[in-house]
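Data block below; observations after.
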Amino acid sequence: MRHCISFLLLSLLPLSLFGQNDNVVREDTLEEITIMSRSAQQRLEEVQVGVEKIDVATMAKVPALFGERDIIKNLQLLPGVKSESEGTGGYQVRGGTSAQNLILLDGATIYNAGHMMGLFSTFNDNALNNASLYKGMVPAYYGGGTSSVFDINTRTGDMHQYHFSGTIGLLSANVMAEGPIQKDKSSFLFAGRRSYLDLFLKATEDYKNNTLNFYDVNLQMTFKLSSRDRLSLSFFRGRDNMGLEDLMDMNWGNTTANAHWLHTFSDKVYAHSQLTYSDFTNDAGVEIGNIDYAMKGFIRHATLHHDQTWMPTRNYTLKYGFESTYLQLQSAEWDINLLHQKEKRDAWSNAAWLHQEWKIIPSLNLSAGLRIHLQSALGGSPYYDIDNEGNITNTEHPESGSIVKTYPILEPRLSLNLKIDPHNSLKIGYSRTSQDIHAIRSNSMSLPIDRYTLTSNILRPEIADQVAIGWAGITANSEYDFSAETYYKTIRNVYDYRDGKSFYSEIEIERLLLGGKGRAYGLELCAHKNKGKLTGWASYTLSWSENKIAGINHDDWYTAGNDRRHDFCIVGIYQLSPAWELSGMWRYNTGQALTAPSAKYEIDGVTYYYYAERNGYRAPAYHRLDLSATHTKKTRHTTQLLSFGVYNAYNRYNPFVILFENDEEKPSGTKATLTAMFGIVPSISFTLKF
């Protein structure tokens, strides 16, 4: 059972895309940023250290898998941001795991932001308006992610004219419509997408009984209630469905609903109130050897958010507010033979903050704030006391809604930008962030059925402290700009599986875990070319990520599962003619850290592996080249885009899953088998806008 889920997607895709390699190397030898074109000068003057901007126009030009534009995949091309694995939608920021990233869509929390286990982004770019990625240096009005915050908002529909567009690609199609409900007073925007790989599967004899599809829907409506009041309503639903004949069924997805009210008191004061609901669910069933395995998990948020902004002068802004969230979480544990779920927890999270931005003098900008966070574990389910061996010594059943334990946390945030001269600036920042939801994984790759757990009487909130220093510079004509940042981050209350325990252990989740500390540090370099027929950027990241947890790895520091030493990426975009545009992307990164067996033994003819060192080995290095060409034709009423692409142009088989098997022909008696997700993949898509 333990590898069935990892291979489900592999078994449903064309076998010609996969390859194998037996090479594993031992480690010891072995404020909201609008998505628009941003000038080098704006990057120079950005006060927040550790912030990356995304240009939606550039995003459309970068080659993508199956011709699908993907805002998450574009994040992975930036310094300090790394992909988890080939084809996955998770990304890792400054030594953190993907579970330590807070992803917000119109203020609602999104989990596992990828379709088909990450081959496609959850977010339809036709619906996107603005976005921000904060790599640890986070304004005080954000909370809930110790590695990063990625804040995305959907577009407002046009209140004057109707617009429509549609795109047909190899594996999916999408449509978009927008326009006025009542001209100049209200508008709507609808964007929908659906894959049709399942139609191809039904045409084959081997896969006709399998299921593989996804869909997502964005709906946004905006109303001008008065000259001072605007109301926005938004809804999102994304769903994936997978099935392998009578062996397995799995589905997962996010549903969110939001109501935003913006009220302007004066030119200097305005208020924003928001009600948000989000629901992430995962549901799976497997039949192996006449035994039924089933699981169902969910994470639900209901949030009230209010903030006010005061701008007494052009050089000073003060933002203050509060937030209250009711959380429900059911851990996605396997139920065997209809056993009940072992964990369902509720919590109440509250926060208040002050955040200011102050241009002290023309050459010195300050961003500073303080967030007060209170996390309360609530009754209604069993709570335990556990000894050092993970055995339950006491069980309590507190009344539903009663407060079991509260954790107060003060989170200061500070960032400074000192402009040395018109072409150079220095930045420095410090930030403390916390997180109350923990994702527990056996490896560094996120899956839709990951187990999550809430902070409780035993598990404490994760707290990260980060300091960063950076430099930004531009050339006199702004044709080139450069940046360099270095950071050091410490993390308290990092949790990992006890030795011998894993995702498949059928006991209470708190008995599986041990807590300790972590640290991450590194250097990020980036260079942009902004003008001419050839534009693009190159980025490089050098980083370390380590954990130290009593009871694991002989109580010594060990390499974290998401550690990668080197990460390099280069993106080029060439305007060949007014109609043709070419682009290419090449990336390289050190292989992911992994735990491999150091010995094996047999009992009654069954082979068991012994693991002496946590994450002491590395997968082979990852590298690939993507290419694309886009032809644009404009008529009086329409715009037509025909895009061609090649993903993994030189057919490199990069690691996706590595398994260890017996092989008596090798001196060690064991071999490592690498399974790759993709070889070379061509793509074509056609878009019509009118």
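Chain labels A, B, ... are given in the sequence in which chains occur in the structure tokens; within each chain residues are numbered consecutively from 1, and ligands are likewise numbered from 1 in the order shown.
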
With 12 Å as the cut-off and only C-alpha atoms counted, what is the closest atom pair between each nearby residue of range 506-549 of chain A and range 576-582 of chain A? Distances in Å to one decimal, ordered by chain and number, as a Markdown table.
| residue | atom | partner | partner_atom | distance |
| --- | --- | --- | --- | --- |
| A:Gly532 | CA | A:Leu576 | CA | 11.1 |
| A:Lys533 | CA | A:Leu576 | CA | 7.3 |
| A:Leu534 | CA | A:Leu576 | CA | 8.9 |
| A:Thr535 | CA | A:Leu582 | CA | 10.7 |
| A:Gly536 | CA | A:Leu582 | CA | 11.6 |

Just N, CA and C atoms for this one: save the residues we selected as a PDB file, in the first residue's frame.
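See out_37.pdb below for the written result:
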ATOM      1  N   GLY A 532      15.532  45.649 -24.698  1.00  0.00           N
ATOM      2  CA  GLY A 532      16.043  45.039 -25.915  1.00  0.00           C
ATOM      3  C   GLY A 532      15.182  43.872 -26.363  1.00  0.00           C
ATOM      4  N   LYS A 533      15.540  43.291 -27.498  1.00  0.00           N
ATOM      5  CA  LYS A 533      14.801  42.139 -27.999  1.00  0.00           C
ATOM      6  C   LYS A 533      14.944  40.932 -27.085  1.00  0.00           C
ATOM      7  N   LEU A 534      16.103  40.810 -26.440  1.00  0.00           N
ATOM      8  CA  LEU A 534      16.333  39.712 -25.510  1.00  0.00           C
ATOM      9  C   LEU A 534      16.209  40.225 -24.079  1.00  0.00           C
ATOM     10  N   THR A 535      15.276  39.669 -23.321  1.00  0.00           N
ATOM     11  CA  THR A 535      15.110  39.988 -21.904  1.00  0.00           C
ATOM     12  C   THR A 535      15.075  38.689 -21.115  1.00  0.00           C
ATOM     13  N   GLY A 536      15.138  38.817 -19.789  1.00  0.00           N
ATOM     14  CA  GLY A 536      15.081  37.628 -18.952  1.00  0.00           C
ATOM     15  C   GLY A 536      15.832  37.833 -17.655  1.00  0.00           C
TER      16      GLY A 536
END

Shell of 6 Å around range 100-111 of chain A, only C-alpha atoms, local chain residues under 6 positions omitted, as a list of chain:residue names: A:Gly145, A:Thr146, A:Ser147, A:Ser148, A:Val149, A:Phe150, A:Asp151, A:Ile152, A:Asn153, A:Thr276, A:Ser278

Strand (DSSP E or B) call set, DSSP backbone run, range 100-289 of chain A, as a VMD selection string: chain A and resid 101 to 105 108 to 109 114 to 115 120 to 121 128 to 134 148 to 154 163 to 168 172 to 182 186 to 195 211 to 224 229 to 244 248 to 264 269 to 288

Distance query Glu462 in chain A at most 9 Å, only C-alpha atoms, self and fewer than 5 positions along chain excluded, as a ChimeraX atom specification: /A:146,433-438,455,491-495

From A:Asp499, A:Glu396, A:Glu357, A:Asp387, residue lying nearest His554 in chain A [only C-alpha atoms]: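 For His554 in chain A, the nearest of the candidates is A:Asp499.
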
Distance query range 428-430 of chain A at most 10 Å, only C-alpha atoms, self and fewer than 3 positions along chain excluded, as a ChimeraX atom specification: /A:47-50,136-138,366-368,412-418,465-471,485-489

Of the listed residues A:His163, A:His355, A:Arg314, A:His115, that which approaches Tyr215 in chain A most closely, counting only C-alpha atoms: A:His115

All alpha helix (DSSP H) residues (DSSP, backbone) inside range 414-521 of chain A, as a list in words: Ile509, Glu510, Arg511 and Leu512 of chain A

Can you spit out the residues from that selection as a CSV table (one decimal), in the first residue's frame, using N, CA, C and O atoms?
chain,number,residue,atom,x,y,z
A,509,ILE,N,-1.6,10.6,16.3
A,509,ILE,CA,-0.5,11.3,15.6
A,509,ILE,C,0.5,11.8,16.5
A,509,ILE,O,1.7,11.9,16.2
A,510,GLU,N,0.1,12.3,17.7
A,510,GLU,CA,1.1,12.9,18.6
A,510,GLU,C,2.1,11.8,19.2
A,510,GLU,O,3.2,12.2,19.6
A,511,ARG,N,1.7,10.6,19.1
A,511,ARG,CA,2.6,9.5,19.5
A,511,ARG,C,3.7,9.2,18.5
A,511,ARG,O,4.6,8.5,18.8
A,512,LEU,N,3.4,9.6,17.3
A,512,LEU,CA,4.4,9.4,16.2
A,512,LEU,C,5.5,10.4,16.1
A,512,LEU,O,6.5,10.1,15.5

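Between CA of Asn74 in chain A and CA of His566 in chain A the interatomic distance comes to 18.2 Å.
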
Residues within 6 Å of range 649-658 of chain A, only C-alpha atoms, excluding chain neighbours under 5 positions, as a list in words: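 Here the qualifying residues turn out to be Gly19, Glu86, Tyr622, Leu625, Asp626, Thr673, Leu674, Thr675, Ala676, Met677, Gly679 and Ile680 of chain A.
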